[in-house]
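**Q** Have a look at this one.
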Amino acid sequence: MIKYFFLTIITIGFLAGCSSVSVTNDYDPEADFLSYKTFSIYDGVIKDSKLENVPLAKKRVLEAITNEMQKKGLTESEAGVADVTIYAQGGTAEKMNVTDYGYGYGGWWGPYPYGRDIDVSYYTEASLVIDLVDNVKKELVWRGIGTGVVQQSGTPEERQQRIDEAVAKIFAQYPPVLD
């Protein structure tokens with residue numbers, strides 16, 4: 001039970017406060033992205049997604065995705081008739097950062113005047129994965145992933161703004177420019 005609560009808090013923290021988000025994406029070069037005019041967002045349960053533990057954060061993410069797709073010129077439609085279905089899921093990982101400053105001067109009182117200066121810190125990294133599935137082919141055609149360090153702070157409005165910024169950054173490379 002404690003682990004479930006901890007993961008929920010972590011997920012809220014990521015979605016509520018990524019100061020910097022690194023983004024990667026991948027896509028099917030055979031997909032005709034310009035033909036996609038409508039989208040639907042899968043709002044069912046995605047197994048093992050940390051977003052499922054945080055309904056308010058999930059709602060904010062789905063709203064941000066809707067806004068970004070509309071900015072891209074796509075229209076939201078019913079699941080059965082949309083050109084693409086969008087799936088969003090989240091995950092977390094514990095990380096360790098080790099900084100080695102090298103040798104420093106030790107105390108004058110000891111037999112060894114030098115020592116290593118090493119700083120170790122732990123943090124939680126969270127990822128938001130957004131998939132677009134072509135509803136005719138039933139295949140994944142685009143994936144965007146945003147990754148950032150968890151920061152737990154802010155009002156609901158600030159959380160929505162940070163989520164909006166993260167989702168916008170993920171969708172910055174959509175549709176991909178094909179040569």
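By convention in this document, the chains of the structure tokens carry letters A, B, ... by their order, each chain's residues are numbered from 1, and ligands are numbered from 1 in the order they are shown.
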From chain A, collect each residue whose DSSP state is strand (DSSP E or B) and return the set as a PyMOL selection string.
**A** chain A and resi 21-27+38-41+75-76+84-105+114-134+139-149
**Q** With DSSP run on the backbone, what are the helix (DSSP H, G or I) residues within range 52-166 of chain A? I'd like them as a PyMOL selection string.
**A** chain A and resi 52-53+55-71+156-166
**Q** Mind writing the picked residues with C-alpha atoms as a compact mmCIF listing (two decimals), in the first residue's frame?
**A**
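This is the output file out.txt:
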# COMPACT_ATOMS: atom_id res chain seq x y z
CA GLU A 52 -3.77 5.38 -14.04
CA ASN A 53 -2.93 6.01 -10.36
CA PRO A 55 -6.76 10.62 -12.35
CA LEU A 56 -6.31 14.40 -12.13
CA ALA A 57 -2.90 14.26 -13.80
CA LYS A 58 -4.26 11.90 -16.47
CA LYS A 59 -7.10 14.33 -17.17
CA ARG A 60 -4.61 17.20 -17.51
CA VAL A 61 -2.42 15.19 -19.88
CA LEU A 62 -5.37 14.23 -22.09
CA GLU A 63 -6.54 17.86 -22.21
CA ALA A 64 -3.05 18.98 -23.21
CA ILE A 65 -2.90 16.34 -25.96
CA THR A 66 -6.30 17.44 -27.29
CA ASN A 67 -5.17 21.07 -27.40
CA GLU A 68 -1.92 20.21 -29.19
CA MET A 69 -3.63 18.07 -31.81
CA GLN A 70 -6.16 20.83 -32.48
CA LYS A 71 -3.28 23.30 -32.88
CA PRO A 156 -3.25 23.03 -10.06
CA GLU A 157 -2.96 25.84 -12.62
CA GLU A 158 0.85 25.64 -12.54
CA ARG A 159 0.68 21.87 -12.91
CA GLN A 160 -1.56 22.23 -15.98
CA GLN A 161 0.82 24.79 -17.46
CA ARG A 162 3.83 22.49 -16.98
CA ILE A 163 1.97 19.55 -18.46
CA ASP A 164 0.93 21.73 -21.42
CA GLU A 165 4.56 22.72 -21.96
CA ALA A 166 5.80 19.12 -21.75
**Q** Please report, as a Markdown table, each residue of range 65-99 of chain A lying at most 9 Å from range 35-42 of chain A, together with the nearest pair of atoms and the separation in Å rounded to one decimal; use only C-alpha atoms, and order rows by chain and ascending residue number.
**A**
| residue | atom | partner | partner_atom | distance |
| --- | --- | --- | --- | --- |
| A:Ile65 | CA | A:Ile41 | CA | 8.4 |
| A:Thr66 | CA | A:Ile41 | CA | 7.8 |
| A:Met69 | CA | A:Phe39 | CA | 7.9 |
| A:Gly73 | CA | A:Lys37 | CA | 7.3 |
| A:Leu74 | CA | A:Lys37 | CA | 4.8 |
| A:Thr75 | CA | A:Thr38 | CA | 4.7 |
| A:Glu76 | CA | A:Phe39 | CA | 5.0 |
| A:Ser77 | CA | A:Ser40 | CA | 5.5 |
| A:Glu78 | CA | A:Ser40 | CA | 6.0 |
| A:Ala79 | CA | A:Ser40 | CA | 5.3 |
| A:Gly80 | CA | A:Ser40 | CA | 8.6 |
| A:Val81 | CA | A:Thr38 | CA | 8.2 |
| A:Ala82 | CA | A:Phe39 | CA | 4.8 |
| A:Asp83 | CA | A:Thr38 | CA | 5.2 |
| A:Val84 | CA | A:Phe39 | CA | 4.9 |
| A:Thr85 | CA | A:Ser40 | CA | 4.9 |
| A:Ile86 | CA | A:Ile41 | CA | 4.7 |
| A:Tyr87 | CA | A:Tyr42 | CA | 5.5 |
| A:Ala88 | CA | A:Tyr42 | CA | 7.8 |
**Q** Write a file of the selected residues as a short mmCIF file (atom, residue, chain, number, x, y, z; two decimals), in the first residue's frame, keeping N, CA and C atoms.
**A**
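Writing the result to selection_5.cif gives the following:
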data_model
loop_
_atom_site.label_atom_id
_atom_site.label_comp_id
_atom_site.auth_asym_id
_atom_site.auth_seq_id
_atom_site.Cartn_x
_atom_site.Cartn_y
_atom_site.Cartn_z
N ILE A 65 -3.03 17.03 -24.68
CA ILE A 65 -2.90 16.34 -25.96
C ILE A 65 -3.98 16.83 -26.93
N THR A 66 -5.21 16.94 -26.44
CA THR A 66 -6.30 17.44 -27.29
C THR A 66 -5.98 18.82 -27.83
N MET A 69 -3.17 18.64 -30.54
CA MET A 69 -3.63 18.07 -31.81
C MET A 69 -4.52 19.07 -32.56
N GLY A 73 -4.14 21.17 -36.36
CA GLY A 73 -5.16 21.16 -37.41
C GLY A 73 -6.02 19.92 -37.45
N LEU A 74 -5.89 19.03 -36.49
CA LEU A 74 -6.72 17.84 -36.45
C LEU A 74 -7.96 18.10 -35.60
N THR A 75 -9.02 17.38 -35.91
CA THR A 75 -10.29 17.53 -35.22
C THR A 75 -10.55 16.29 -34.38
N GLU A 76 -11.01 16.51 -33.15
CA GLU A 76 -11.34 15.37 -32.29
C GLU A 76 -12.61 14.71 -32.81
N SER A 77 -12.61 13.40 -32.81
CA SER A 77 -13.72 12.63 -33.35
C SER A 77 -13.99 11.42 -32.47
N GLU A 78 -15.06 10.71 -32.79
CA GLU A 78 -15.37 9.49 -32.04
C GLU A 78 -14.35 8.40 -32.36
N ALA A 79 -14.16 7.51 -31.41
CA ALA A 79 -13.14 6.46 -31.54
C ALA A 79 -13.32 5.61 -32.79
N GLY A 80 -14.52 5.30 -33.16
CA GLY A 80 -14.75 4.42 -34.29
C GLY A 80 -14.49 5.02 -35.65
N VAL A 81 -14.46 6.35 -35.74
CA VAL A 81 -14.31 7.00 -37.05
C VAL A 81 -13.05 7.85 -37.19
N ALA A 82 -12.30 8.01 -36.12
CA ALA A 82 -11.09 8.85 -36.16
C ALA A 82 -10.00 8.19 -37.00
N ASP A 83 -9.16 9.02 -37.62
CA ASP A 83 -8.04 8.51 -38.40
C ASP A 83 -6.97 7.86 -37.51
N VAL A 84 -6.72 8.48 -36.36
CA VAL A 84 -5.73 7.94 -35.41
C VAL A 84 -6.31 7.94 -34.00
N THR A 85 -5.83 6.98 -33.22
CA THR A 85 -6.15 6.95 -31.80
C THR A 85 -4.86 7.25 -31.04
N ILE A 86 -4.99 8.08 -30.02
CA ILE A 86 -3.82 8.49 -29.23
C ILE A 86 -3.88 7.81 -27.86
N TYR A 87 -2.75 7.23 -27.49
CA TYR A 87 -2.61 6.57 -26.19
C TYR A 87 -1.54 7.31 -25.41
N ALA A 88 -1.80 7.58 -24.11
CA ALA A 88 -0.82 8.24 -23.26
C ALA A 88 -0.59 7.38 -22.02
#
**Q** Pick out the residues sitting within 9 Å of range 132-148 of chain A, and hand them over as number ranges by chain; count only C-alpha atoms, and ignore anything fewer than 3 positions along from it in its own chain.
**A** A: 14, 17-31, 33, 36, 39, 79-87, 124-129, 166-167, 169-171, 173-176
**Q** Could you write out the selected residues, including N, CA and C atoms, as a short mmCIF file (atom, residue, chain, number, x, y, z; two decimals), in the first residue's frame?
**A**
data_model
loop_
_atom_site.label_atom_id
_atom_site.label_comp_id
_atom_site.auth_asym_id
_atom_site.auth_seq_id
_atom_site.Cartn_x
_atom_site.Cartn_y
_atom_site.Cartn_z
N PHE A 14 5.96 14.43 -11.26
CA PHE A 14 6.49 14.59 -12.61
C PHE A 14 5.54 15.43 -13.45
N GLY A 17 5.50 19.04 -12.39
CA GLY A 17 6.64 19.95 -12.37
C GLY A 17 7.89 19.49 -13.05
N CYS A 18 7.88 19.29 -14.32
CA CYS A 18 9.13 19.01 -15.03
C CYS A 18 9.76 20.33 -15.42
N SER A 19 10.91 20.63 -14.85
CA SER A 19 11.55 21.89 -15.18
C SER A 19 12.16 21.83 -16.57
N SER A 20 12.72 20.70 -16.93
CA SER A 20 13.21 20.53 -18.29
C SER A 20 12.88 19.12 -18.73
N VAL A 21 12.37 19.04 -19.91
CA VAL A 21 11.94 17.75 -20.45
C VAL A 21 12.77 17.46 -21.68
N SER A 22 13.40 16.27 -21.70
CA SER A 22 14.09 15.85 -22.91
C SER A 22 13.11 15.00 -23.71
N VAL A 23 13.17 15.14 -25.01
CA VAL A 23 12.17 14.54 -25.88
C VAL A 23 12.84 13.71 -26.97
N THR A 24 12.25 12.55 -27.23
CA THR A 24 12.64 11.74 -28.39
C THR A 24 11.36 11.32 -29.09
N ASN A 25 11.49 10.99 -30.35
CA ASN A 25 10.33 10.46 -31.06
C ASN A 25 10.78 9.52 -32.15
N ASP A 26 9.83 8.72 -32.59
CA ASP A 26 10.07 7.78 -33.67
C ASP A 26 8.79 7.70 -34.48
N TYR A 27 8.90 7.31 -35.74
CA TYR A 27 7.72 7.24 -36.57
C TYR A 27 7.92 6.26 -37.72
N ASP A 28 6.80 5.89 -38.31
CA ASP A 28 6.81 5.01 -39.48
C ASP A 28 6.97 5.88 -40.72
N PRO A 29 8.08 5.78 -41.44
CA PRO A 29 8.29 6.63 -42.61
C PRO A 29 7.30 6.35 -43.74
N GLU A 30 6.61 5.22 -43.69
CA GLU A 30 5.62 4.88 -44.71
C GLU A 30 4.25 5.50 -44.43
N ALA A 31 4.05 6.00 -43.23
CA ALA A 31 2.75 6.58 -42.86
C ALA A 31 2.53 7.91 -43.57
N PHE A 33 1.17 11.06 -42.87
CA PHE A 33 0.73 11.90 -41.77
C PHE A 33 -0.17 13.04 -42.22
N TYR A 36 -4.00 12.38 -42.08
CA TYR A 36 -4.70 12.30 -40.80
C TYR A 36 -5.37 13.64 -40.50
N PHE A 39 -8.76 12.67 -34.85
CA PHE A 39 -8.13 11.85 -33.81
C PHE A 39 -9.14 11.57 -32.70
N ALA A 79 -14.16 7.51 -31.41
CA ALA A 79 -13.14 6.46 -31.54
C ALA A 79 -13.32 5.61 -32.79
N GLY A 80 -14.52 5.30 -33.16
CA GLY A 80 -14.75 4.42 -34.29
C GLY A 80 -14.49 5.02 -35.65
N VAL A 81 -14.46 6.35 -35.74
CA VAL A 81 -14.31 7.00 -37.05
C VAL A 81 -13.05 7.85 -37.19
N ALA A 82 -12.30 8.01 -36.12
CA ALA A 82 -11.09 8.85 -36.16
C ALA A 82 -10.00 8.19 -37.00
N ASP A 83 -9.16 9.02 -37.62
CA ASP A 83 -8.04 8.51 -38.40
C ASP A 83 -6.97 7.86 -37.51
N VAL A 84 -6.72 8.48 -36.36
CA VAL A 84 -5.73 7.94 -35.41
C VAL A 84 -6.31 7.94 -34.00
N THR A 85 -5.83 6.98 -33.22
CA THR A 85 -6.15 6.95 -31.80
C THR A 85 -4.86 7.25 -31.04
N ILE A 86 -4.99 8.08 -30.02
CA ILE A 86 -3.82 8.49 -29.23
C ILE A 86 -3.88 7.81 -27.86
N TYR A 87 -2.75 7.23 -27.49
CA TYR A 87 -2.61 6.57 -26.19
C TYR A 87 -1.54 7.31 -25.41
N THR A 124 14.14 10.97 -8.89
CA THR A 124 13.19 10.17 -9.64
C THR A 124 13.00 10.81 -11.00
N GLU A 125 13.11 9.99 -12.02
CA GLU A 125 12.90 10.44 -13.39
C GLU A 125 11.59 9.83 -13.87
N ALA A 126 10.78 10.64 -14.54
CA ALA A 126 9.50 10.15 -15.03
C ALA A 126 9.42 10.38 -16.53
N SER A 127 8.65 9.52 -17.20
CA SER A 127 8.48 9.62 -18.65
C SER A 127 7.00 9.62 -19.00
N LEU A 128 6.68 10.40 -20.01
CA LEU A 128 5.34 10.41 -20.59
C LEU A 128 5.48 9.93 -22.02
N VAL A 129 4.77 8.85 -22.35
CA VAL A 129 4.84 8.24 -23.69
C VAL A 129 3.51 8.49 -24.38
N ALA A 166 5.16 20.41 -21.47
CA ALA A 166 5.80 19.12 -21.75
C ALA A 166 5.17 18.46 -22.97
N VAL A 167 3.84 18.47 -23.04
CA VAL A 167 3.14 17.84 -24.17
C VAL A 167 3.45 18.61 -25.46
N LYS A 169 6.15 20.21 -26.14
CA LYS A 169 7.52 19.86 -26.52
C LYS A 169 7.57 18.47 -27.17
N ILE A 170 6.78 17.54 -26.65
CA ILE A 170 6.72 16.19 -27.24
C ILE A 170 6.17 16.26 -28.66
N PHE A 171 5.13 17.08 -28.86
CA PHE A 171 4.49 17.18 -30.18
C PHE A 171 5.18 18.17 -31.13
N GLN A 173 7.73 17.84 -32.86
CA GLN A 173 8.21 17.15 -34.06
C GLN A 173 7.10 16.37 -34.78
N TYR A 174 5.85 16.72 -34.49
CA TYR A 174 4.73 16.07 -35.17
C TYR A 174 4.01 17.11 -36.02
N PRO A 175 3.65 16.81 -37.23
CA PRO A 175 4.00 15.60 -37.99
C PRO A 175 5.47 15.67 -38.40
N PRO A 176 6.09 14.50 -38.54
CA PRO A 176 7.52 14.50 -38.91
C PRO A 176 7.69 15.05 -40.33
#
**Q** When distances are computed from only C-alpha atoms, which of A:Lys72, A:Thr155, A:Lys47, A:Val149 shows the smallest separation from Asn97 in chain A?
**A** A:Val149
**Q** How many Å separate CA of Leu178 in chain A from CA of Asp32 in chain A?
**A** 9.6 Å
**Q** Quick check, in Å to one decimal: how far apart do CA of Asp100 in chain A and CA of Tyr122 in chain A lie?
**A** 14.8 Å
**Q** Rank A:Val177, A:Ser121, A:Asp48, A:Leu34 by their smallest atom-to-atom distance to Gly91 in chain A, using only C-alpha atoms, and report the top residue only.
**A** A:Asp48
**Q** CA of Leu51 in chain A and CA of Thr92 in chain A, how far apart in Å?
**A**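 If I compute the distance from CA of Thr92 in chain A to CA of Leu51 in chain A, I get 10.2 Å.
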